[in-house]
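What follows is run-v1.tsv (TSV, C-alpha atoms).
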```tsv
chain	number	residue	atom	x	y	z
A	1	MET	CA	7.60	-2.91	21.03
A	2	ASN	CA	8.15	0.12	23.29
A	3	LYS	CA	11.59	-1.08	24.38
A	4	GLU	CA	12.64	-1.57	20.75
A	5	ILE	CA	11.38	1.90	19.81
A	6	GLU	CA	13.36	3.41	22.69
A	7	GLU	CA	16.46	1.56	21.52
A	8	LEU	CA	15.95	2.78	17.95
A	9	GLN	CA	15.48	6.34	19.21
A	10	GLU	CA	18.78	6.12	21.11
A	11	ILE	CA	20.57	4.82	18.02
A	12	ILE	CA	19.19	7.64	15.85
A	13	ASP	CA	20.07	10.25	18.50
A	14	ASP	CA	23.61	8.83	18.56
A	15	SER	CA	23.97	8.96	14.76
A	16	GLU	CA	25.19	11.66	12.40
A	17	ASN	CA	25.35	9.75	9.11
A	18	ILE	CA	22.34	7.46	8.68
A	19	VAL	CA	21.68	5.61	5.43
A	20	PHE	CA	18.32	3.95	4.83
A	21	PHE	CA	18.11	0.91	2.55
A	22	GLY	CA	14.50	0.09	1.71
A	23	GLY	CA	12.34	-2.26	-0.31
A	24	ALA	CA	8.73	-2.97	-1.21
A	25	GLY	CA	7.58	-3.07	2.42
A	26	VAL	CA	8.11	0.69	2.62
A	27	SER	CA	5.41	1.23	-0.01
A	28	THR	CA	2.86	-1.42	0.96
A	29	GLU	CA	1.51	0.97	3.61
A	30	SER	CA	0.71	3.30	0.69
A	31	ASN	CA	-1.38	0.44	-0.80
A	32	ILE	CA	1.21	-0.52	-3.40
A	33	PRO	CA	1.41	-4.34	-3.59
A	34	ASP	CA	4.78	-6.02	-3.27
A	35	PHE	CA	5.90	-9.08	-5.22
A	36	ARG	CA	6.78	-11.66	-2.59
A	37	SER	CA	4.45	-11.50	0.42
A	38	ALA	CA	1.45	-13.82	0.94
A	39	ASP	CA	-0.83	-11.54	-1.09
A	40	GLY	CA	1.89	-10.17	-3.36
A	41	LEU	CA	1.98	-10.27	-7.15
A	42	TYR	CA	3.88	-13.57	-7.24
A	43	GLN	CA	0.96	-15.31	-5.50
A	44	GLN	CA	-1.58	-14.18	-8.09
A	45	LYS	CA	-2.43	-16.20	-11.19
A	46	TYR	CA	-1.51	-14.83	-14.59
A	47	LYS	CA	-0.96	-16.41	-17.98
A	48	TYR	CA	2.75	-15.69	-17.46
A	49	SER	CA	4.58	-15.25	-14.16
A	50	PRO	CA	5.24	-11.63	-13.07
A	51	GLU	CA	8.96	-12.45	-13.24
A	52	GLN	CA	8.58	-13.40	-16.91
A	53	ILE	CA	6.45	-10.37	-17.76
A	54	VAL	CA	8.80	-7.87	-16.11
A	55	SER	CA	11.80	-9.11	-18.09
A	56	HIS	CA	13.74	-7.56	-20.95
A	57	THR	CA	12.93	-10.51	-23.23
A	58	PHE	CA	9.18	-10.25	-22.59
A	59	PHE	CA	9.23	-6.48	-23.11
A	60	LYS	CA	10.84	-7.00	-26.52
A	61	ARG	CA	8.71	-9.97	-27.61
A	62	ASN	CA	5.33	-9.01	-26.16
A	63	THR	CA	5.41	-5.28	-25.53
A	64	GLU	CA	1.62	-5.05	-25.39
A	65	GLY	CA	1.40	-7.82	-22.77
A	66	PHE	CA	4.15	-6.14	-20.76
A	67	TYR	CA	2.37	-2.80	-20.71
A	68	GLU	CA	-0.99	-4.35	-19.85
A	69	PHE	CA	0.53	-5.83	-16.68
A	70	TYR	CA	2.87	-2.89	-15.96
A	71	LYS	CA	0.17	-0.20	-16.14
A	72	GLU	CA	-2.31	-2.16	-14.01
A	73	LYS	CA	0.01	-3.75	-11.44
A	74	MET	CA	3.07	-1.48	-11.16
A	75	MET	CA	1.88	2.07	-11.78
A	76	PHE	CA	0.02	3.57	-8.82
A	77	LEU	CA	-0.05	7.27	-9.61
A	78	ASP	CA	-2.58	8.10	-6.89
A	79	ALA	CA	-0.43	6.59	-4.10
A	80	LYS	CA	0.63	9.00	-1.37
A	81	PRO	CA	3.71	8.92	0.90
A	82	ASN	CA	3.09	7.14	4.20
A	83	ALA	CA	4.50	7.64	7.71
A	84	ALA	CA	7.79	5.95	6.79
A	85	HIS	CA	8.45	8.19	3.76
A	86	LYS	CA	7.58	11.30	5.77
A	87	LYS	CA	9.77	10.44	8.77
A	88	LEU	CA	12.75	9.67	6.54
A	89	ALA	CA	12.31	13.06	4.85
A	90	GLU	CA	12.27	14.69	8.31
A	91	LEU	CA	15.47	12.88	9.27
A	92	GLU	CA	17.14	14.13	6.09
A	93	GLN	CA	16.01	17.71	6.73
A	94	ALA	CA	17.41	17.45	10.26
A	95	GLY	CA	20.80	16.48	8.81
A	96	LYS	CA	20.73	12.98	10.29
A	97	LEU	CA	19.91	10.95	7.18
A	98	LYS	CA	22.41	11.29	4.34
A	99	ALA	CA	20.95	8.96	1.72
A	100	ILE	CA	18.01	6.71	0.89
A	101	ILE	CA	18.74	3.68	-1.26
A	102	THR	CA	15.48	2.25	-2.54
A	103	GLN	CA	14.52	-0.77	-4.59
A	104	ASN	CA	11.11	0.84	-5.22
A	105	ILE	CA	10.18	2.56	-8.46
A	106	ASP	CA	7.20	4.62	-7.25
A	107	GLY	CA	8.90	7.95	-6.46
A	108	LEU	CA	7.19	8.27	-3.06
A	109	HIS	CA	10.39	9.20	-1.21
A	110	GLN	CA	10.77	12.27	-3.41
A	111	ALA	CA	7.04	13.03	-3.06
A	112	ALA	CA	7.56	13.11	0.71
A	113	GLY	CA	10.38	15.65	0.33
A	114	SER	CA	13.52	13.50	0.37
A	115	LYS	CA	16.28	14.86	-1.86
A	116	ASN	CA	19.14	12.34	-1.80
A	117	VAL	CA	17.41	9.23	-3.13
A	118	TYR	CA	19.19	6.50	-5.08
A	119	GLU	CA	16.61	4.55	-7.08
A	120	ILE	CA	18.58	1.42	-7.90
A	121	HIS	CA	15.74	-0.15	-9.89
A	122	GLY	CA	14.74	3.05	-11.69
A	123	SER	CA	11.44	4.94	-11.64
A	124	ILE	CA	8.00	4.79	-13.27
A	125	HIS	CA	8.21	8.58	-13.52
A	126	ARG	CA	10.95	8.49	-16.17
A	127	ASN	CA	10.13	7.08	-19.60
A	128	TYR	CA	12.06	7.46	-22.83
A	129	CYS	CA	11.49	6.88	-26.52
A	130	GLN	CA	13.80	4.09	-27.66
A	131	LYS	CA	14.14	5.74	-31.05
A	132	CYS	CA	14.80	9.44	-30.32
A	133	GLY	CA	15.25	9.54	-26.53
A	134	LYS	CA	12.43	12.02	-25.82
A	135	PHE	CA	11.23	12.03	-22.19
A	136	TYR	CA	7.67	11.19	-21.17
A	137	ASP	CA	6.12	11.30	-17.70
A	138	ALA	CA	4.22	8.51	-15.97
A	139	ALA	CA	0.79	9.98	-16.72
A	140	TYR	CA	1.46	9.83	-20.47
A	141	VAL	CA	2.35	6.15	-20.24
A	142	LYS	CA	-0.52	5.24	-17.89
A	143	ASN	CA	-3.14	7.01	-20.03
A	144	SER	CA	-1.92	5.73	-23.39
A	145	LYS	CA	-3.93	3.02	-25.12
A	146	GLY	CA	-1.91	-0.16	-25.47
A	147	VAL	CA	1.79	0.40	-26.10
A	148	PRO	CA	2.81	4.05	-25.56
A	149	HIS	CA	4.48	5.57	-28.61
A	150	CYS	CA	6.48	8.73	-29.09
A	151	GLU	CA	5.40	11.39	-31.54
A	152	CYS	CA	8.29	10.16	-33.72
A	153	GLY	CA	6.72	6.69	-33.81
A	154	GLY	CA	9.21	5.00	-31.49
A	155	VAL	CA	8.16	2.74	-28.62
A	156	ILE	CA	8.49	4.30	-25.16
A	157	LYS	CA	10.28	2.27	-22.47
A	158	PRO	CA	10.06	2.97	-18.74
A	159	ASP	CA	13.34	3.73	-17.00
A	160	VAL	CA	12.98	0.74	-14.70
A	161	VAL	CA	15.46	-2.12	-14.43
A	162	LEU	CA	13.80	-5.22	-15.83
A	163	TYR	CA	14.92	-8.77	-15.15
A	164	GLU	CA	17.93	-9.61	-17.38
A	165	GLU	CA	19.00	-5.95	-17.32
A	166	SER	CA	21.92	-4.69	-15.25
A	167	LEU	CA	21.75	-1.96	-12.63
A	168	ASP	CA	23.10	1.49	-13.44
A	169	GLU	CA	26.82	1.49	-12.54
A	170	ASN	CA	26.74	5.07	-11.28
A	171	MET	CA	23.80	4.25	-8.98
A	172	ILE	CA	25.64	1.18	-7.65
A	173	ASP	CA	28.78	3.22	-6.92
A	174	LYS	CA	26.83	5.97	-5.13
A	175	SER	CA	24.88	3.45	-3.05
A	176	ILE	CA	27.93	1.47	-1.99
A	177	HIS	CA	29.82	4.67	-1.15
A	178	ALA	CA	26.94	5.95	1.00
A	179	ILE	CA	26.65	2.66	2.89
A	180	SER	CA	30.40	2.40	3.43
A	181	GLN	CA	30.52	5.93	4.93
A	182	ALA	CA	27.45	5.56	7.19
A	183	ASP	CA	27.66	5.30	10.96
A	184	THR	CA	24.15	3.76	11.00
A	185	LEU	CA	22.43	1.62	8.39
A	186	ILE	CA	18.68	1.07	8.70
A	187	ILE	CA	17.34	-1.71	6.49
A	188	GLY	CA	13.56	-1.47	6.16
A	189	GLY	CA	10.74	-3.19	4.31
A	190	THR	CA	12.92	-5.65	2.43
A	191	SER	CA	13.61	-9.35	2.82
A	192	LEU	CA	17.01	-8.90	1.10
A	193	VAL	CA	16.17	-11.48	-1.56
A	194	VAL	CA	16.94	-9.47	-4.71
A	195	TYR	CA	20.56	-9.36	-5.84
A	196	PRO	CA	22.81	-7.56	-6.52
A	197	ALA	CA	21.04	-4.96	-4.32
A	198	ALA	CA	20.98	-7.22	-1.24
A	199	GLY	CA	24.76	-7.49	-1.41
A	200	PHE	CA	25.16	-3.74	-0.86
A	201	VAL	CA	24.73	-4.17	2.91
A	202	ASP	CA	28.03	-6.10	3.03
A	203	TYR	CA	29.82	-2.77	2.55
A	204	PHE	CA	28.57	-1.37	5.86
A	205	ARG	CA	31.39	-0.78	8.36
A	206	GLY	CA	29.62	1.57	10.76
A	207	LYS	CA	28.43	1.40	14.34
A	208	HIS	CA	24.70	0.56	14.27
A	209	LEU	CA	22.85	-1.88	11.98
A	210	VAL	CA	19.07	-1.95	12.32
A	211	VAL	CA	16.52	-4.16	10.49
A	212	ILE	CA	12.83	-3.24	10.46
A	213	ASN	CA	10.69	-5.69	8.51
A	214	LYS	CA	7.43	-7.57	9.01
A	215	SER	CA	8.95	-10.88	7.89
A	216	ASP	CA	12.37	-12.48	8.26
A	217	THR	CA	15.18	-11.39	5.97
A	218	ALA	CA	16.52	-14.04	3.60
A	219	LYS	CA	20.08	-12.78	3.95
A	220	SER	CA	21.58	-13.13	7.41
A	221	VAL	CA	22.77	-9.80	8.74
A	222	ARG	CA	24.22	-9.17	12.17
A	223	ALA	CA	21.79	-6.50	13.25
A	224	GLU	CA	22.16	-4.74	16.57
A	225	LEU	CA	18.40	-4.26	16.58
A	226	THR	CA	15.69	-6.17	14.69
A	227	ILE	CA	12.08	-5.00	14.82
A	228	ALA	CA	9.41	-7.26	13.29
A	229	ALA	CA	6.74	-4.69	12.44
A	230	PRO	CA	5.57	-2.46	9.57
A	231	ILE	CA	8.17	0.22	8.91
A	232	GLY	CA	5.71	3.15	8.98
A	233	GLU	CA	4.30	2.04	12.31
A	234	VAL	CA	7.83	1.99	13.75
A	235	LEU	CA	9.23	5.21	12.29
A	236	SER	CA	6.10	7.22	13.13
A	237	GLN	CA	7.04	6.83	16.82
A	238	ILE	CA	10.53	8.32	16.36
A	239	THR	CA	11.11	11.98	17.23
A	240	VAL	CA	13.55	13.99	15.17
```

Representation of the structure as structure tokens:
Amino acid sequence: MNKEIEELQEIIDDSENIVFFGGAGVSTESNIPDFRSADGLYQQKYKYSPEQIVSHTFFKRNTEGFYEFYKEKMMFLDAKPNAAHKKLAELEQAGKLKAIITQNIDGLHQAAGSKNVYEIHGSIHRNYCQKCGKFYDAAYVKNSKGVPHCECGGVIKPDVVLYEESLDENMIDKSIHAISQADTLIIGGTSLVVYPAAGFVDYFRGKHLVVINKSDTAKSVRAELTIAAPIGEVLSQITV
């Protein structure tokens, strides 16, 4: 992998406007399970499929069942940023990295110090009462018994994009703009299966396209450099 790391280092040194587009593989090194890998949530046996449970319909019809799964399998409040999160924060501080577009909802990029993060699927750290709109943090939701309720009596909903819900238009616009302006796009820890997010990479018109992922990507992208390895392991070897 040394040759690939050298090539990645040269690309980063040559870049002034890097955008990072990341998925679940960025957080697995922080012991947060993904959905689609061999030991991911989709491979585990539940009464309902994870895709069903994390849907708008299921949230409405079986809110208690949703929260039982959500709190146990999607909220990891003790997780810490790994080498990938930290290196990306360093690249931003150095003025190289202009934006992180993440499909993750764990907030670890911000915990590592990154400022310009577009969370296209929302965040477990933002939760709102559906009745009055009052904000609640992740700890309140995680520690509540059963369905978390507001002091006004309303049901609290996490600000995460469930299946059947559309992405935030403002977040889409910002992400597409960032990718279209970048001279380098690094795609990391994602198999590019989930749409519409996977389609964002089509807007890249820059010089260098890099893919870093343990497994193959479902969407074919013409990458200048592809590294089949854990993202943290790769980025930890880059000097800023």

query = CA of Asn116 (chain A) to CA of Ile101 (chain A): how many Å, to one decimal?
reply = 8.7 Å

query = Nearest to Asn104 (chain A) among A:Ala139, A:Ile53, A:Leu91, A:Met75, with distances taken over only C-alpha atoms: which residue is it?
reply = A:Met75

query = Restricting the calculation to all atoms listed in the file, which member of A:Gly154, A:Glu119, A:Asn2, A:Gly23 is positioned closest to Ala198 (chain A)?
reply =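 For Ala198 (chain A), the nearest of the given residues is A:Gly23.
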
key: Straight-line distance linking CA of Phe200 (chain A) with CA of Ile172 (chain A), stated in Å to one decimal   = 8.4 Å

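Near Leu185 (chain A), within 6 Å and counting only C-alpha atoms, sit Ile18, Val19, Phe20 and Leu209 of chain A; same-chain residues fewer than 4 positions away were not included.
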
Could those residues be written to a file, using C-alpha atoms, as a compact mmCIF listing (two decimals), keeping the file's coordinate frame?
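The result, written out as selection_27.txt:
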```
# COMPACT_ATOMS: atom_id res chain seq x y z
CA ILE A 18 22.34 7.46 8.68
CA VAL A 19 21.68 5.61 5.43
CA PHE A 20 18.32 3.95 4.83
CA LEU A 209 22.85 -1.88 11.98
```

message = Taking 3 positions as the minimum chain separation for residues in the same chain, which residues sit within 7 Å of region 57-74 of chain A when counting all atoms listed in the file? Answer as a ChimeraX atom specification.
response = /A:52-54,142,146-147

Counting all atoms listed in the file, the option among A:Asn170, A:Ser180, A:Ser220, A:Asn213 closest to Thr28 (chain A) = A:Asn213

task = Write out as number ranges by chain the residues lying within 10 Å of Leu97 (chain A), counting all atoms listed in the file and excluding same-chain residues fewer than 3 positions away.
result = A: 12, 15-20, 88-94, 100, 114, 116, 182, 184-185

inquiry  = As an exercise, work out the distance from CA of Glu169 (chain A) to CA of Gln181 (chain A) in Å and give it to one decimal place.
reply    =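 CA of Gln181 (chain A) lies at a distance of 18.4 Å from CA of Glu169 (chain A).
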
inquiry  = I need the residue nearest His56 (chain A) from this list: A:Ala229, A:Val161, A:Leu167, A:Val141. Use only C-alpha atoms for the distance.
reply    =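 Once distances to His56 (chain A) are computed over only C-alpha atoms, the minimum belongs to A:Val161.
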
query = Counting all atoms listed in the file, which of A:Ser49, A:Ser30, A:Thr102, A:Asn143 gets nearest to Ile186 (chain A)?
reply = A:Thr102

Please give the centre and size of the box around region 88-96 of chain A (axis-aligned, containing every atom listed in the file, 5 Å added per side), with values in Å to one decimal and written as lines of an AutoDock Vina configuration file.
```
center_x = 16.5
center_y = 13.7
center_z = 7.6
size_x = 18.5
size_y = 18.0
size_z = 15.4
```

ask   = Of the residues A:Leu77, A:Ala24, A:Ala83, A:Val117, which is the one nearest to Glu233 (chain A), using all atoms listed in the file?
value = A:Ala83

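With only the atoms specified (all atoms listed in the file) counting, those residues at most 12 Å away from (4.3, -3.0, 11.6) are A:Met1, A:Ile5, A:Gly25, A:Val26, A:Thr28, A:Glu29, A:Ala83, A:Ala84, A:Gly188, A:Gly189, A:Ile212, A:Asn213, A:Lys214, A:Ser215, A:Ile227, A:Ala228, A:Ala229, A:Pro230, A:Ile231, A:Gly232, A:Glu233, A:Val234, A:Leu235, A:Ser236, A:Gln237.
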
ask   = Leaving out region 105-110 of chain A and any residue of its chain fewer than 5 positions from it, which residues lie within 7 Å of it when counting all atoms listed in the file, given as a list in words?
value = Lys80, Pro81, His85, Lys115, Glu119, His121, Gly122, Ser123 and Ile124 of chain A

Would you mind writing region 105-131 of chain A with N, CA, C and O atoms, as a short mmCIF file (atom, residue, chain, number, x, y, z; two decimals), keeping the file's coordinate frame?
```cif
data_model
loop_
_atom_site.label_atom_id
_atom_site.label_comp_id
_atom_site.auth_asym_id
_atom_site.auth_seq_id
_atom_site.Cartn_x
_atom_site.Cartn_y
_atom_site.Cartn_z
N ILE A 105 10.18 1.76 -7.23
CA ILE A 105 10.18 2.56 -8.46
C ILE A 105 9.05 3.59 -8.47
O ILE A 105 8.77 4.20 -9.50
N ASP A 106 8.43 3.81 -7.30
CA ASP A 106 7.20 4.62 -7.25
C ASP A 106 7.42 6.12 -7.01
O ASP A 106 6.48 6.90 -7.11
N GLY A 107 8.62 6.52 -6.65
CA GLY A 107 8.90 7.95 -6.46
C GLY A 107 8.32 8.56 -5.19
O GLY A 107 8.32 9.78 -5.04
N LEU A 108 7.85 7.73 -4.26
CA LEU A 108 7.19 8.27 -3.06
C LEU A 108 8.15 8.94 -2.07
O LEU A 108 7.75 9.81 -1.31
N HIS A 109 9.42 8.53 -2.09
CA HIS A 109 10.39 9.20 -1.21
C HIS A 109 10.54 10.67 -1.62
O HIS A 109 10.54 11.57 -0.78
N GLN A 110 10.65 10.89 -2.92
CA GLN A 110 10.77 12.27 -3.41
C GLN A 110 9.48 13.06 -3.16
O GLN A 110 9.51 14.23 -2.81
N ALA A 111 8.34 12.37 -3.31
CA ALA A 111 7.04 13.03 -3.06
C ALA A 111 6.92 13.48 -1.61
O ALA A 111 6.24 14.46 -1.31
N ALA A 112 7.59 12.75 -0.71
CA ALA A 112 7.56 13.11 0.71
C ALA A 112 8.55 14.22 1.05
O ALA A 112 8.52 14.76 2.16
N GLY A 113 9.43 14.55 0.11
CA GLY A 113 10.38 15.65 0.33
C GLY A 113 11.83 15.24 0.42
O GLY A 113 12.71 16.09 0.59
N SER A 114 12.12 13.94 0.31
CA SER A 114 13.52 13.50 0.37
C SER A 114 14.25 13.93 -0.90
O SER A 114 13.70 13.87 -2.00
N LYS A 115 15.49 14.35 -0.73
CA LYS A 115 16.28 14.86 -1.86
C LYS A 115 17.33 13.86 -2.35
O LYS A 115 17.51 13.69 -3.55
N ASN A 116 18.03 13.22 -1.41
CA ASN A 116 19.14 12.34 -1.80
C ASN A 116 18.67 10.89 -1.86
O ASN A 116 18.87 10.11 -0.94
N VAL A 117 18.01 10.55 -2.96
CA VAL A 117 17.41 9.23 -3.13
C VAL A 117 18.07 8.51 -4.30
O VAL A 117 18.11 9.03 -5.42
N TYR A 118 18.59 7.32 -4.03
CA TYR A 118 19.19 6.50 -5.08
C TYR A 118 18.21 5.39 -5.45
O TYR A 118 17.98 4.47 -4.68
N GLU A 119 17.60 5.53 -6.62
CA GLU A 119 16.61 4.55 -7.08
C GLU A 119 17.33 3.48 -7.90
O GLU A 119 17.49 3.62 -9.10
N ILE A 120 17.72 2.40 -7.23
CA ILE A 120 18.58 1.42 -7.90
C ILE A 120 17.84 0.59 -8.95
O ILE A 120 18.48 -0.02 -9.81
N HIS A 121 16.51 0.57 -8.87
CA HIS A 121 15.74 -0.15 -9.89
C HIS A 121 14.99 0.80 -10.83
O HIS A 121 14.11 0.37 -11.57
N GLY A 122 15.35 2.09 -10.79
CA GLY A 122 14.74 3.05 -11.69
C GLY A 122 13.45 3.65 -11.16
O GLY A 122 13.17 3.58 -9.96
N SER A 123 12.65 4.24 -12.07
CA SER A 123 11.44 4.94 -11.64
C SER A 123 10.37 4.92 -12.73
O SER A 123 10.68 5.10 -13.92
N ILE A 124 9.12 4.73 -12.32
CA ILE A 124 8.00 4.79 -13.27
C ILE A 124 7.81 6.20 -13.81
O ILE A 124 7.14 6.39 -14.82
N HIS A 125 8.41 7.19 -13.13
CA HIS A 125 8.21 8.58 -13.52
C HIS A 125 9.15 9.05 -14.64
O HIS A 125 9.05 10.17 -15.10
N ARG A 126 10.05 8.17 -15.05
CA ARG A 126 10.95 8.49 -16.17
C ARG A 126 10.72 7.47 -17.28
O ARG A 126 10.85 6.26 -17.07
N ASN A 127 10.40 7.96 -18.46
CA ASN A 127 10.13 7.08 -19.60
C ASN A 127 10.73 7.73 -20.85
O ASN A 127 10.62 8.94 -21.03
N TYR A 128 11.34 6.91 -21.68
CA TYR A 128 12.06 7.46 -22.83
C TYR A 128 11.73 6.72 -24.13
O TYR A 128 11.55 5.50 -24.12
N CYS A 129 11.66 7.48 -25.20
CA CYS A 129 11.49 6.88 -26.52
C CYS A 129 12.76 6.13 -26.88
O CYS A 129 13.86 6.69 -26.78
N GLN A 130 12.62 4.89 -27.30
CA GLN A 130 13.80 4.09 -27.66
C GLN A 130 14.42 4.53 -28.98
O GLN A 130 15.56 4.19 -29.28
N LYS A 131 13.66 5.31 -29.74
CA LYS A 131 14.14 5.74 -31.05
C LYS A 131 14.86 7.10 -30.99
O LYS A 131 15.98 7.24 -31.46
#
```
